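> File target_22.txt below, compact mmCIF, N, CA and C atoms:
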```txt
# COMPACT_ATOMS: atom_id res chain seq x y z
N GLY A 1 -8.59 19.56 -3.29
CA GLY A 1 -9.00 19.79 -1.96
C GLY A 1 -7.84 20.19 -1.06
N LEU A 2 -8.03 19.91 0.18
CA LEU A 2 -7.08 20.28 1.22
C LEU A 2 -5.71 19.63 1.02
N LEU A 3 -5.68 18.35 0.66
CA LEU A 3 -4.39 17.67 0.48
C LEU A 3 -3.60 18.25 -0.69
N ARG A 4 -4.30 18.69 -1.73
CA ARG A 4 -3.61 19.27 -2.89
C ARG A 4 -3.02 20.65 -2.56
N SER A 5 -3.53 21.30 -1.52
CA SER A 5 -3.05 22.64 -1.18
C SER A 5 -1.81 22.61 -0.27
N LEU A 6 -1.39 21.43 0.17
CA LEU A 6 -0.18 21.33 1.00
C LEU A 6 1.05 21.62 0.16
N PRO A 7 2.12 22.13 0.77
CA PRO A 7 3.34 22.43 0.00
C PRO A 7 3.91 21.17 -0.66
N PRO A 8 4.02 21.15 -1.99
CA PRO A 8 4.45 19.94 -2.70
C PRO A 8 5.91 19.55 -2.44
N ASP A 9 6.70 20.47 -1.92
CA ASP A 9 8.09 20.12 -1.61
C ASP A 9 8.21 19.49 -0.21
N GLU A 10 7.10 19.43 0.54
CA GLU A 10 7.11 18.84 1.87
C GLU A 10 6.17 17.64 1.99
N PHE A 11 5.04 17.67 1.26
CA PHE A 11 4.01 16.65 1.42
C PHE A 11 3.62 16.05 0.09
N THR A 12 3.21 14.80 0.14
CA THR A 12 2.56 14.14 -0.97
C THR A 12 1.43 13.30 -0.38
N PHE A 13 0.46 12.92 -1.20
CA PHE A 13 -0.61 12.08 -0.67
C PHE A 13 -0.89 10.94 -1.64
N TYR A 14 -1.50 9.92 -1.11
CA TYR A 14 -1.85 8.74 -1.89
C TYR A 14 -3.25 8.31 -1.48
N ALA A 15 -4.20 8.38 -2.39
CA ALA A 15 -5.60 8.07 -2.09
C ALA A 15 -5.90 6.61 -2.37
N MET A 16 -6.61 5.99 -1.43
CA MET A 16 -7.00 4.58 -1.56
C MET A 16 -8.45 4.43 -1.12
N ASN A 17 -9.16 3.51 -1.74
CA ASN A 17 -10.54 3.20 -1.34
C ASN A 17 -10.58 1.79 -0.81
N MET A 18 -11.23 1.63 0.33
CA MET A 18 -11.45 0.28 0.86
C MET A 18 -12.83 -0.19 0.42
N SER A 19 -12.97 -1.50 0.35
CA SER A 19 -14.27 -2.09 0.02
C SER A 19 -14.46 -3.32 0.91
N TYR A 20 -15.56 -3.99 0.71
CA TYR A 20 -15.86 -5.21 1.47
C TYR A 20 -14.74 -6.24 1.31
N TYR A 21 -14.08 -6.25 0.16
CA TYR A 21 -13.08 -7.27 -0.16
C TYR A 21 -11.65 -6.86 0.21
N THR A 22 -11.45 -5.69 0.78
CA THR A 22 -10.09 -5.26 1.14
C THR A 22 -9.62 -6.04 2.36
N ASP A 23 -8.51 -6.74 2.18
CA ASP A 23 -7.90 -7.44 3.31
C ASP A 23 -6.51 -6.88 3.53
N SER A 24 -5.78 -7.41 4.50
CA SER A 24 -4.48 -6.83 4.85
C SER A 24 -3.47 -6.96 3.71
N SER A 25 -3.49 -8.05 2.97
CA SER A 25 -2.50 -8.20 1.89
C SER A 25 -2.76 -7.20 0.76
N LEU A 26 -4.03 -6.97 0.42
CA LEU A 26 -4.36 -5.99 -0.62
C LEU A 26 -4.00 -4.58 -0.14
N LEU A 27 -4.35 -4.27 1.10
CA LEU A 27 -4.04 -2.94 1.63
C LEU A 27 -2.53 -2.72 1.69
N GLN A 28 -1.78 -3.73 2.12
CA GLN A 28 -0.33 -3.59 2.20
C GLN A 28 0.26 -3.35 0.81
N ALA A 29 -0.22 -4.06 -0.18
CA ALA A 29 0.27 -3.85 -1.56
C ALA A 29 -0.02 -2.42 -2.02
N MET A 30 -1.23 -1.91 -1.72
CA MET A 30 -1.57 -0.54 -2.10
C MET A 30 -0.69 0.46 -1.36
N MET A 31 -0.44 0.22 -0.07
CA MET A 31 0.32 1.17 0.73
C MET A 31 1.81 1.15 0.40
N GLU A 32 2.32 0.04 -0.10
CA GLU A 32 3.73 -0.03 -0.48
C GLU A 32 3.99 0.62 -1.83
N ASN A 33 2.95 0.80 -2.63
CA ASN A 33 3.10 1.36 -3.98
C ASN A 33 3.85 2.70 -4.01
N PRO A 34 3.51 3.70 -3.18
CA PRO A 34 4.21 4.99 -3.27
C PRO A 34 5.53 5.04 -2.49
N LEU A 35 5.92 3.95 -1.86
CA LEU A 35 7.14 3.96 -1.04
C LEU A 35 8.35 3.49 -1.84
N GLU A 36 9.52 3.91 -1.41
CA GLU A 36 10.75 3.41 -2.00
C GLU A 36 11.68 2.94 -0.88
N LYS A 37 12.56 2.02 -1.23
CA LYS A 37 13.50 1.50 -0.24
C LYS A 37 14.55 2.56 0.05
N LYS A 38 14.78 2.80 1.31
CA LYS A 38 15.82 3.74 1.74
C LYS A 38 17.01 2.92 2.22
N ALA A 39 17.53 3.16 3.39
CA ALA A 39 18.67 2.42 3.92
C ALA A 39 18.19 1.23 4.76
N GLY A 40 18.87 0.10 4.63
CA GLY A 40 18.54 -1.07 5.44
C GLY A 40 17.13 -1.56 5.18
N LYS A 41 16.33 -1.63 6.23
CA LYS A 41 14.97 -2.12 6.10
C LYS A 41 13.93 -1.00 6.12
N LEU A 42 14.37 0.25 5.91
CA LEU A 42 13.48 1.41 5.93
C LEU A 42 12.88 1.67 4.56
N PHE A 43 11.56 1.85 4.54
CA PHE A 43 10.82 2.23 3.34
C PHE A 43 10.09 3.54 3.65
N ALA A 44 10.13 4.47 2.71
CA ALA A 44 9.53 5.79 2.93
C ALA A 44 9.21 6.41 1.56
N PRO A 45 8.47 7.52 1.57
CA PRO A 45 8.19 8.20 0.30
C PRO A 45 9.49 8.78 -0.30
N PRO A 46 9.47 9.10 -1.58
CA PRO A 46 10.67 9.63 -2.24
C PRO A 46 11.20 10.90 -1.56
N GLY A 47 12.51 11.06 -1.57
CA GLY A 47 13.14 12.26 -1.01
C GLY A 47 12.86 12.39 0.47
N LYS A 48 12.59 13.62 0.87
CA LYS A 48 12.28 13.90 2.27
C LYS A 48 10.80 14.21 2.48
N LEU A 49 9.96 13.77 1.53
CA LEU A 49 8.54 14.07 1.60
C LEU A 49 7.85 13.33 2.74
N GLN A 50 6.80 13.93 3.25
CA GLN A 50 5.90 13.31 4.23
C GLN A 50 4.70 12.82 3.44
N LEU A 51 4.40 11.52 3.50
CA LEU A 51 3.30 10.93 2.74
C LEU A 51 2.05 10.84 3.62
N ILE A 52 0.94 11.31 3.09
CA ILE A 52 -0.35 11.18 3.78
C ILE A 52 -1.19 10.19 2.98
N TYR A 53 -1.50 9.05 3.61
CA TYR A 53 -2.41 8.09 3.00
C TYR A 53 -3.83 8.58 3.26
N PHE A 54 -4.58 8.86 2.20
CA PHE A 54 -5.99 9.18 2.35
C PHE A 54 -6.77 7.91 2.09
N ILE A 55 -7.42 7.39 3.13
CA ILE A 55 -8.14 6.12 3.03
C ILE A 55 -9.63 6.40 3.13
N ASP A 56 -10.35 6.13 2.04
CA ASP A 56 -11.78 6.34 1.99
C ASP A 56 -12.50 5.05 2.38
N ASP A 57 -13.61 5.17 3.07
CA ASP A 57 -14.42 4.04 3.50
C ASP A 57 -13.66 3.10 4.44
N LEU A 58 -13.07 3.68 5.47
CA LEU A 58 -12.29 2.91 6.45
C LEU A 58 -13.08 1.76 7.05
N ASN A 59 -14.38 1.92 7.19
CA ASN A 59 -15.19 0.92 7.87
C ASN A 59 -15.76 -0.16 6.94
N MET A 60 -15.36 -0.21 5.68
CA MET A 60 -15.97 -1.13 4.73
C MET A 60 -15.44 -2.56 4.72
N PRO A 61 -14.16 -2.85 5.06
CA PRO A 61 -13.71 -4.25 4.97
C PRO A 61 -14.58 -5.19 5.79
N ALA A 62 -14.75 -6.39 5.25
CA ALA A 62 -15.59 -7.39 5.90
C ALA A 62 -14.99 -7.85 7.22
N LEU A 63 -15.86 -8.17 8.15
CA LEU A 63 -15.43 -8.75 9.41
C LEU A 63 -15.15 -10.24 9.20
N ASP A 64 -14.08 -10.75 9.81
CA ASP A 64 -13.80 -12.18 9.72
C ASP A 64 -14.55 -12.91 10.84
N LYS A 65 -14.29 -14.21 10.98
CA LYS A 65 -15.04 -14.98 11.98
C LYS A 65 -14.72 -14.58 13.41
N TYR A 66 -13.63 -13.80 13.61
CA TYR A 66 -13.27 -13.32 14.94
C TYR A 66 -13.74 -11.88 15.19
N ASN A 67 -14.57 -11.36 14.27
CA ASN A 67 -15.08 -9.99 14.34
C ASN A 67 -13.97 -8.94 14.23
N THR A 68 -12.93 -9.25 13.48
CA THR A 68 -11.86 -8.28 13.22
C THR A 68 -11.78 -8.03 11.73
N GLN A 69 -11.04 -7.00 11.37
CA GLN A 69 -10.81 -6.66 9.97
C GLN A 69 -9.30 -6.65 9.77
N SER A 70 -8.77 -7.55 8.96
CA SER A 70 -7.31 -7.69 8.82
C SER A 70 -6.68 -6.41 8.29
N ALA A 71 -7.38 -5.67 7.43
CA ALA A 71 -6.82 -4.41 6.91
C ALA A 71 -6.66 -3.40 8.04
N ILE A 72 -7.62 -3.34 8.94
CA ILE A 72 -7.55 -2.43 10.08
C ILE A 72 -6.41 -2.85 11.01
N GLU A 73 -6.22 -4.14 11.18
CA GLU A 73 -5.14 -4.64 12.03
C GLU A 73 -3.77 -4.28 11.45
N LEU A 74 -3.65 -4.30 10.11
CA LEU A 74 -2.39 -3.89 9.49
C LEU A 74 -2.12 -2.41 9.75
N MET A 75 -3.14 -1.58 9.63
CA MET A 75 -2.98 -0.15 9.90
C MET A 75 -2.58 0.07 11.36
N LYS A 76 -3.19 -0.68 12.26
CA LYS A 76 -2.88 -0.56 13.68
C LYS A 76 -1.44 -0.98 13.97
N GLU A 77 -1.00 -2.06 13.31
CA GLU A 77 0.38 -2.50 13.49
C GLU A 77 1.37 -1.42 13.05
N LYS A 78 1.09 -0.79 11.92
CA LYS A 78 1.98 0.26 11.42
C LYS A 78 2.00 1.44 12.39
N GLN A 79 0.86 1.84 12.91
CA GLN A 79 0.82 2.96 13.84
C GLN A 79 1.48 2.62 15.18
N ASP A 80 1.28 1.41 15.67
CA ASP A 80 1.84 1.02 16.96
C ASP A 80 3.35 0.79 16.91
N TYR A 81 3.82 0.17 15.83
CA TYR A 81 5.21 -0.27 15.77
C TYR A 81 6.04 0.35 14.65
N SER A 82 5.44 1.16 13.81
CA SER A 82 6.10 1.81 12.65
C SER A 82 6.70 0.80 11.68
N HIS A 83 6.06 -0.35 11.58
CA HIS A 83 6.50 -1.35 10.59
C HIS A 83 5.35 -2.29 10.25
N TRP A 84 5.58 -3.04 9.18
CA TRP A 84 4.79 -4.24 8.90
C TRP A 84 5.75 -5.27 8.37
N TRP A 85 5.26 -6.46 8.10
CA TRP A 85 6.13 -7.57 7.71
C TRP A 85 6.14 -7.76 6.21
N ASP A 86 7.32 -8.08 5.66
CA ASP A 86 7.44 -8.49 4.27
C ASP A 86 6.86 -9.90 4.21
N ARG A 87 5.83 -10.09 3.44
CA ARG A 87 5.12 -11.38 3.42
C ARG A 87 5.90 -12.47 2.70
N GLY A 88 6.83 -12.09 1.83
CA GLY A 88 7.62 -13.08 1.11
C GLY A 88 8.86 -13.51 1.88
N LYS A 89 9.57 -12.54 2.43
CA LYS A 89 10.83 -12.81 3.12
C LYS A 89 10.66 -13.02 4.62
N ILE A 90 9.48 -12.73 5.14
CA ILE A 90 9.18 -12.80 6.58
C ILE A 90 10.22 -11.98 7.36
N THR A 91 10.40 -10.75 6.94
CA THR A 91 11.28 -9.81 7.64
C THR A 91 10.51 -8.51 7.86
N VAL A 92 10.98 -7.72 8.79
CA VAL A 92 10.33 -6.46 9.12
C VAL A 92 10.65 -5.40 8.07
N LYS A 93 9.64 -4.62 7.70
CA LYS A 93 9.83 -3.45 6.85
C LYS A 93 9.47 -2.24 7.69
N ASP A 94 10.45 -1.43 8.05
CA ASP A 94 10.19 -0.20 8.79
C ASP A 94 9.60 0.82 7.82
N ILE A 95 8.55 1.50 8.25
CA ILE A 95 7.85 2.46 7.40
C ILE A 95 8.02 3.84 8.02
N GLY A 96 8.59 4.77 7.24
CA GLY A 96 8.85 6.10 7.76
C GLY A 96 8.12 7.20 7.00
N ASN A 97 7.98 8.36 7.66
CA ASN A 97 7.42 9.58 7.05
C ASN A 97 6.03 9.38 6.44
N THR A 98 5.17 8.65 7.14
CA THR A 98 3.81 8.44 6.65
C THR A 98 2.81 8.70 7.77
N GLN A 99 1.60 9.06 7.35
CA GLN A 99 0.50 9.22 8.30
C GLN A 99 -0.80 8.95 7.56
N TYR A 100 -1.88 8.76 8.34
CA TYR A 100 -3.19 8.45 7.77
C TYR A 100 -4.14 9.62 7.88
N MET A 101 -5.01 9.72 6.90
CA MET A 101 -6.20 10.57 6.97
C MET A 101 -7.31 9.70 6.40
N CYS A 102 -8.34 9.46 7.20
CA CYS A 102 -9.38 8.51 6.79
C CYS A 102 -10.76 9.13 6.89
N CYS A 103 -11.68 8.55 6.14
CA CYS A 103 -13.07 8.93 6.28
C CYS A 103 -13.91 7.68 6.15
N MET A 104 -15.14 7.76 6.62
CA MET A 104 -16.03 6.60 6.54
C MET A 104 -17.47 7.04 6.41
N ASN A 105 -18.25 6.18 5.81
CA ASN A 105 -19.67 6.42 5.62
C ASN A 105 -20.40 5.84 6.83
N PRO A 106 -21.11 6.65 7.59
CA PRO A 106 -21.77 6.13 8.78
C PRO A 106 -23.00 5.27 8.50
N THR A 107 -23.39 5.14 7.23
CA THR A 107 -24.59 4.36 6.92
C THR A 107 -24.28 3.01 6.29
N ALA A 108 -22.99 2.67 6.09
CA ALA A 108 -22.63 1.41 5.46
C ALA A 108 -21.38 0.84 6.13
N GLY A 109 -21.22 -0.46 6.03
CA GLY A 109 -20.04 -1.10 6.59
C GLY A 109 -20.16 -1.33 8.08
N SER A 110 -19.05 -1.58 8.71
CA SER A 110 -19.01 -1.77 10.16
C SER A 110 -19.20 -0.41 10.83
N PHE A 111 -19.96 -0.37 11.88
CA PHE A 111 -20.26 0.90 12.53
C PHE A 111 -19.32 1.20 13.69
N ILE A 112 -18.38 0.30 13.93
CA ILE A 112 -17.41 0.49 15.01
C ILE A 112 -16.02 0.34 14.43
N VAL A 113 -15.17 1.32 14.66
CA VAL A 113 -13.77 1.22 14.28
C VAL A 113 -13.02 0.73 15.51
N ASN A 114 -12.12 -0.20 15.30
CA ASN A 114 -11.35 -0.76 16.41
C ASN A 114 -10.80 0.37 17.27
N PRO A 115 -11.15 0.42 18.56
CA PRO A 115 -10.68 1.51 19.42
C PRO A 115 -9.16 1.58 19.53
N ARG A 116 -8.48 0.43 19.33
CA ARG A 116 -7.01 0.45 19.39
C ARG A 116 -6.41 1.14 18.17
N LEU A 117 -7.13 1.21 17.07
CA LEU A 117 -6.70 2.02 15.92
C LEU A 117 -7.21 3.45 16.07
N GLN A 118 -8.44 3.59 16.50
CA GLN A 118 -9.06 4.91 16.58
C GLN A 118 -8.31 5.83 17.55
N ARG A 119 -7.63 5.28 18.54
CA ARG A 119 -6.90 6.12 19.49
C ARG A 119 -5.78 6.91 18.83
N HIS A 120 -5.37 6.51 17.63
CA HIS A 120 -4.31 7.22 16.90
C HIS A 120 -4.84 8.39 16.09
N PHE A 121 -6.15 8.57 16.06
CA PHE A 121 -6.78 9.58 15.21
C PHE A 121 -7.43 10.68 16.03
N TRP A 122 -7.48 11.85 15.42
CA TRP A 122 -8.36 12.90 15.88
C TRP A 122 -9.66 12.64 15.14
N THR A 123 -10.75 12.48 15.86
CA THR A 123 -12.02 12.09 15.25
C THR A 123 -12.95 13.29 15.15
N CYS A 124 -13.54 13.44 13.99
CA CYS A 124 -14.46 14.54 13.72
C CYS A 124 -15.68 13.96 13.00
N ALA A 125 -16.87 14.21 13.50
CA ALA A 125 -18.09 13.74 12.86
C ALA A 125 -18.80 14.93 12.21
N VAL A 126 -19.12 14.76 10.94
CA VAL A 126 -19.80 15.81 10.19
C VAL A 126 -21.15 15.26 9.75
N PRO A 127 -22.25 15.85 10.20
CA PRO A 127 -23.56 15.34 9.80
C PRO A 127 -23.85 15.66 8.33
N PHE A 128 -24.80 14.93 7.79
CA PHE A 128 -25.23 15.19 6.42
C PHE A 128 -25.85 16.57 6.35
N PRO A 129 -25.54 17.37 5.31
CA PRO A 129 -26.08 18.74 5.24
C PRO A 129 -27.61 18.74 5.12
N GLY A 130 -28.21 19.80 5.64
CA GLY A 130 -29.66 19.95 5.57
C GLY A 130 -30.12 20.32 4.18
N GLN A 131 -31.45 20.36 3.99
CA GLN A 131 -32.03 20.64 2.68
C GLN A 131 -31.60 22.00 2.13
N GLY A 132 -31.55 23.03 2.98
CA GLY A 132 -31.14 24.36 2.52
C GLY A 132 -29.70 24.39 2.05
N ALA A 133 -28.82 23.71 2.78
CA ALA A 133 -27.40 23.65 2.39
C ALA A 133 -27.24 22.88 1.09
N LEU A 134 -27.97 21.78 0.93
CA LEU A 134 -27.90 21.01 -0.33
C LEU A 134 -28.39 21.84 -1.50
N GLN A 135 -29.43 22.61 -1.29
CA GLN A 135 -29.95 23.50 -2.35
C GLN A 135 -28.88 24.50 -2.77
N THR A 136 -28.20 25.09 -1.80
CA THR A 136 -27.14 26.06 -2.10
C THR A 136 -25.99 25.40 -2.85
N ILE A 137 -25.57 24.23 -2.39
CA ILE A 137 -24.43 23.52 -3.01
C ILE A 137 -24.76 23.18 -4.46
N TYR A 138 -25.88 22.51 -4.68
CA TYR A 138 -26.19 22.05 -6.04
C TYR A 138 -26.59 23.19 -6.97
N SER A 139 -27.22 24.23 -6.46
CA SER A 139 -27.55 25.35 -7.34
C SER A 139 -26.26 26.08 -7.76
N THR A 140 -25.26 26.11 -6.91
CA THR A 140 -23.97 26.71 -7.27
C THR A 140 -23.33 25.92 -8.41
N PHE A 141 -23.39 24.57 -8.33
CA PHE A 141 -22.84 23.73 -9.40
C PHE A 141 -23.61 23.93 -10.70
N MET A 142 -24.92 24.01 -10.59
CA MET A 142 -25.75 24.13 -11.80
C MET A 142 -25.57 25.47 -12.49
N LYS A 143 -25.29 26.52 -11.74
CA LYS A 143 -25.07 27.84 -12.32
C LYS A 143 -23.70 27.95 -12.98
N GLY A 144 -22.79 27.10 -12.58
CA GLY A 144 -21.45 27.10 -13.19
C GLY A 144 -20.61 28.06 -12.52
```
What is this structure when it is put down as structure tokens?


Amino acid sequence: GLLRSLPPDEFTFYAMNMSYYTDSSLLQAMMENPLEKKAGKLFAPPGKLQLIYFIDDLNMPALDKYNTQSAIELMKEKQDYSHWWDRGKITVKDIGNTQYMCCMNPTAGSFIVNPRLQRHFWTCAVPFPGQGALQTIYSTFMKG
């Protein structure tokens, strides 16, 4: 798709899926996977690459008793402060050269994304294709 067509010497991407059980610790572990330690407390993608996290089903994590989603709060912390905390050492990890691209299913999960996170995004809503468009799409696949 679109992410694969970006110049590989400038961009890389990392795809992740959220589910009902995704919490901040699981999301942080997934997001730290493609990063490497740079100088001091800075973590970033290898070389001088810009990393795009593609997060599918942004609205799926379960709401806690305070009506928040800890995974969403971790994403908001990273966008607001460009860091998150090392959970073992209780020190700051600065996160560089990363950005988010997210999508969500409007028929499942939470129907509201925290406005304090959403303000960091350009939002685009795409309706489900009509019957004629679906016929064209699937007949193209069936014809090979």

> Just checking: using only C-alpha atoms, which residue out of A:Asp56, A:Asp23, A:Glu32, A:Asp94 ends up closest to Thr68 of chain A?

A:Asp23

> DSSP on the backbone: which residues in segment 3-116 of chain A end up as strand (DSSP E)? Give the answer as a CSV table (one decimal) with N, CA and C atoms, keeping the file's coordinate frame.


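Result saved to out38.csv:
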```csv
chain,number,residue,atom,x,y,z
A,11,PHE,N,5.0,17.7,1.3
A,11,PHE,CA,4.0,16.6,1.4
A,11,PHE,C,3.6,16.0,0.1
A,12,THR,N,3.2,14.8,0.1
A,12,THR,CA,2.6,14.1,-1.0
A,12,THR,C,1.4,13.3,-0.4
A,13,PHE,N,0.5,12.9,-1.2
A,13,PHE,CA,-0.6,12.1,-0.7
A,13,PHE,C,-0.9,10.9,-1.6
A,14,TYR,N,-1.5,9.9,-1.1
A,14,TYR,CA,-1.8,8.7,-1.9
A,14,TYR,C,-3.2,8.3,-1.5
A,15,ALA,N,-4.2,8.4,-2.4
A,15,ALA,CA,-5.6,8.1,-2.1
A,15,ALA,C,-5.9,6.6,-2.4
A,16,MET,N,-6.6,6.0,-1.4
A,16,MET,CA,-7.0,4.6,-1.6
A,16,MET,C,-8.4,4.4,-1.1
A,17,ASN,N,-9.2,3.5,-1.7
A,17,ASN,CA,-10.5,3.2,-1.3
A,17,ASN,C,-10.6,1.8,-0.8
A,36,GLU,N,9.5,3.9,-1.4
A,36,GLU,CA,10.8,3.4,-2.0
A,36,GLU,C,11.7,2.9,-0.9
A,37,LYS,N,12.6,2.0,-1.2
A,37,LYS,CA,13.5,1.5,-0.2
A,37,LYS,C,14.6,2.6,0.0
A,42,LEU,N,14.4,0.2,5.9
A,42,LEU,CA,13.5,1.4,5.9
A,42,LEU,C,12.9,1.7,4.6
A,43,PHE,N,11.6,1.8,4.5
A,43,PHE,CA,10.8,2.2,3.3
A,43,PHE,C,10.1,3.5,3.6
A,44,ALA,N,10.1,4.5,2.7
A,44,ALA,CA,9.5,5.8,2.9
A,44,ALA,C,9.2,6.4,1.6
A,50,GLN,N,6.8,13.9,3.2
A,50,GLN,CA,5.9,13.3,4.2
A,50,GLN,C,4.7,12.8,3.4
A,51,LEU,N,4.4,11.5,3.5
A,51,LEU,CA,3.3,10.9,2.7
A,51,LEU,C,2.0,10.8,3.6
A,52,ILE,N,0.9,11.3,3.1
A,52,ILE,CA,-0.4,11.2,3.8
A,52,ILE,C,-1.2,10.2,3.0
A,53,TYR,N,-1.5,9.0,3.6
A,53,TYR,CA,-2.4,8.1,3.0
A,53,TYR,C,-3.8,8.6,3.3
A,54,PHE,N,-4.6,8.9,2.2
A,54,PHE,CA,-6.0,9.2,2.4
A,54,PHE,C,-6.8,7.9,2.1
A,55,ILE,N,-7.4,7.4,3.1
A,55,ILE,CA,-8.1,6.1,3.0
A,55,ILE,C,-9.6,6.4,3.1
A,56,ASP,N,-10.4,6.1,2.0
A,56,ASP,CA,-11.8,6.3,2.0
A,56,ASP,C,-12.5,5.0,2.4
A,83,HIS,N,6.1,-0.4,11.6
A,83,HIS,CA,6.5,-1.4,10.6
A,83,HIS,C,5.4,-2.3,10.2
A,84,TRP,N,5.6,-3.0,9.2
A,84,TRP,CA,4.8,-4.2,8.9
A,84,TRP,C,5.8,-5.3,8.4
A,85,TRP,N,5.3,-6.5,8.1
A,85,TRP,CA,6.1,-7.6,7.7
A,85,TRP,C,6.1,-7.8,6.2
A,86,ASP,N,7.3,-8.1,5.7
A,86,ASP,CA,7.4,-8.5,4.3
A,86,ASP,C,6.9,-9.9,4.2
A,91,THR,N,10.4,-10.8,6.9
A,91,THR,CA,11.3,-9.8,7.6
A,91,THR,C,10.5,-8.5,7.9
A,92,VAL,N,11.0,-7.7,8.8
A,92,VAL,CA,10.3,-6.5,9.1
A,92,VAL,C,10.6,-5.4,8.1
A,93,LYS,N,9.6,-4.6,7.7
A,93,LYS,CA,9.8,-3.4,6.8
A,93,LYS,C,9.5,-2.2,7.7
A,94,ASP,N,10.4,-1.4,8.0
A,94,ASP,CA,10.2,-0.2,8.8
A,94,ASP,C,9.6,0.8,7.8
A,95,ILE,N,8.6,1.5,8.2
A,95,ILE,CA,7.8,2.5,7.4
A,95,ILE,C,8.0,3.8,8.0
A,98,THR,N,5.2,8.6,7.1
A,98,THR,CA,3.8,8.4,6.6
A,98,THR,C,2.8,8.7,7.8
A,99,GLN,N,1.6,9.1,7.4
A,99,GLN,CA,0.5,9.2,8.3
A,99,GLN,C,-0.8,9.0,7.6
A,100,TYR,N,-1.9,8.8,8.3
A,100,TYR,CA,-3.2,8.4,7.8
A,100,TYR,C,-4.1,9.6,7.9
A,101,MET,N,-5.0,9.7,6.9
A,101,MET,CA,-6.2,10.6,7.0
A,101,MET,C,-7.3,9.7,6.4
A,102,CYS,N,-8.3,9.5,7.2
A,102,CYS,CA,-9.4,8.5,6.8
A,102,CYS,C,-10.8,9.1,6.9
```

> How big is the axis-aligned box around all listed atoms of segment 40-52 of chain A once 8 Å goes on each side, and where's its centre, in Å to one decimal, as AutoDock Vina command-line options?


```
--center_x 8.8 --center_y 6.0 --center_z 2.0 --size_x 36.1 --size_y 32.3 --size_z 24.5
```

> Out of A:Gln118, A:Thr123, A:Thr91, A:Gln50, which residue has the shortest atom-to-atom distance to Glu73 of chain A when counting only C-alpha atoms?

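Checking each of A:Gln118, A:Thr123, A:Thr91, A:Gln50 against Glu73 of chain A, counting only C-alpha atoms, the winner is A:Gln118.
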
> Is it possible to get the residues within 8 Å of (-15.5, 2.8, 6.2) (coordinates as in the file, counting all atoms listed in the file) written as a short mmCIF file (atom, residue, chain, number, x, y, z; two decimals) with N, CA and C atoms, keeping the file's coordinate frame?


```cif
data_model
loop_
_atom_site.label_atom_id
_atom_site.label_comp_id
_atom_site.auth_asym_id
_atom_site.auth_seq_id
_atom_site.Cartn_x
_atom_site.Cartn_y
_atom_site.Cartn_z
N MET A 18 -11.23 1.63 0.33
CA MET A 18 -11.45 0.28 0.86
C MET A 18 -12.83 -0.19 0.42
N SER A 19 -12.97 -1.50 0.35
CA SER A 19 -14.27 -2.09 0.02
C SER A 19 -14.46 -3.32 0.91
N ILE A 55 -7.42 7.39 3.13
CA ILE A 55 -8.14 6.12 3.03
C ILE A 55 -9.63 6.40 3.13
N ASP A 56 -10.35 6.13 2.04
CA ASP A 56 -11.78 6.34 1.99
C ASP A 56 -12.50 5.05 2.38
N ASP A 57 -13.61 5.17 3.07
CA ASP A 57 -14.42 4.04 3.50
C ASP A 57 -13.66 3.10 4.44
N LEU A 58 -13.07 3.68 5.47
CA LEU A 58 -12.29 2.91 6.45
C LEU A 58 -13.08 1.76 7.05
N ASN A 59 -14.38 1.92 7.19
CA ASN A 59 -15.19 0.92 7.87
C ASN A 59 -15.76 -0.16 6.94
N MET A 60 -15.36 -0.21 5.68
CA MET A 60 -15.97 -1.13 4.73
C MET A 60 -15.44 -2.56 4.72
N PRO A 61 -14.16 -2.85 5.06
CA PRO A 61 -13.71 -4.25 4.97
C PRO A 61 -14.58 -5.19 5.79
N CYS A 102 -8.34 9.46 7.20
CA CYS A 102 -9.38 8.51 6.79
C CYS A 102 -10.76 9.13 6.89
N CYS A 103 -11.68 8.55 6.14
CA CYS A 103 -13.07 8.93 6.28
C CYS A 103 -13.91 7.68 6.15
N MET A 104 -15.14 7.76 6.62
CA MET A 104 -16.03 6.60 6.54
C MET A 104 -17.47 7.04 6.41
N ASN A 105 -18.25 6.18 5.81
CA ASN A 105 -19.67 6.42 5.62
C ASN A 105 -20.40 5.84 6.83
N PRO A 106 -21.11 6.65 7.59
CA PRO A 106 -21.77 6.13 8.78
C PRO A 106 -23.00 5.27 8.50
N ALA A 108 -22.99 2.67 6.09
CA ALA A 108 -22.63 1.41 5.46
C ALA A 108 -21.38 0.84 6.13
N GLY A 109 -21.22 -0.46 6.03
CA GLY A 109 -20.04 -1.10 6.59
C GLY A 109 -20.16 -1.33 8.08
N SER A 110 -19.05 -1.58 8.71
CA SER A 110 -19.01 -1.77 10.16
C SER A 110 -19.20 -0.41 10.83
N PHE A 111 -19.96 -0.37 11.88
CA PHE A 111 -20.26 0.90 12.53
C PHE A 111 -19.32 1.20 13.69
#
```

> Any idea what's packed within 7 Å of segment 47-49 of chain A, counting only N, CA and C atoms, ignoring anything in its chain fewer than 6 positions away? Could you give it as a PyMOL selection string?

chain A and resi 9-12+97-98

> Report the distance between atom CA of Ala29 of chain A and atom CA of His120 of chain A in Å, rounded to one decimal place.

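Taking atom CA of Ala29 of chain A as the start and atom CA of His120 of chain A as the end point, the length is 22.0 Å.
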
> Between A:Leu51, A:Leu27, A:Met142, A:Ala133, which has the minimum distance to Met101 of chain A (counting all atoms listed in the file)?

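Ranked by minimum distance to Met101 of chain A, first place goes to A:Leu51.
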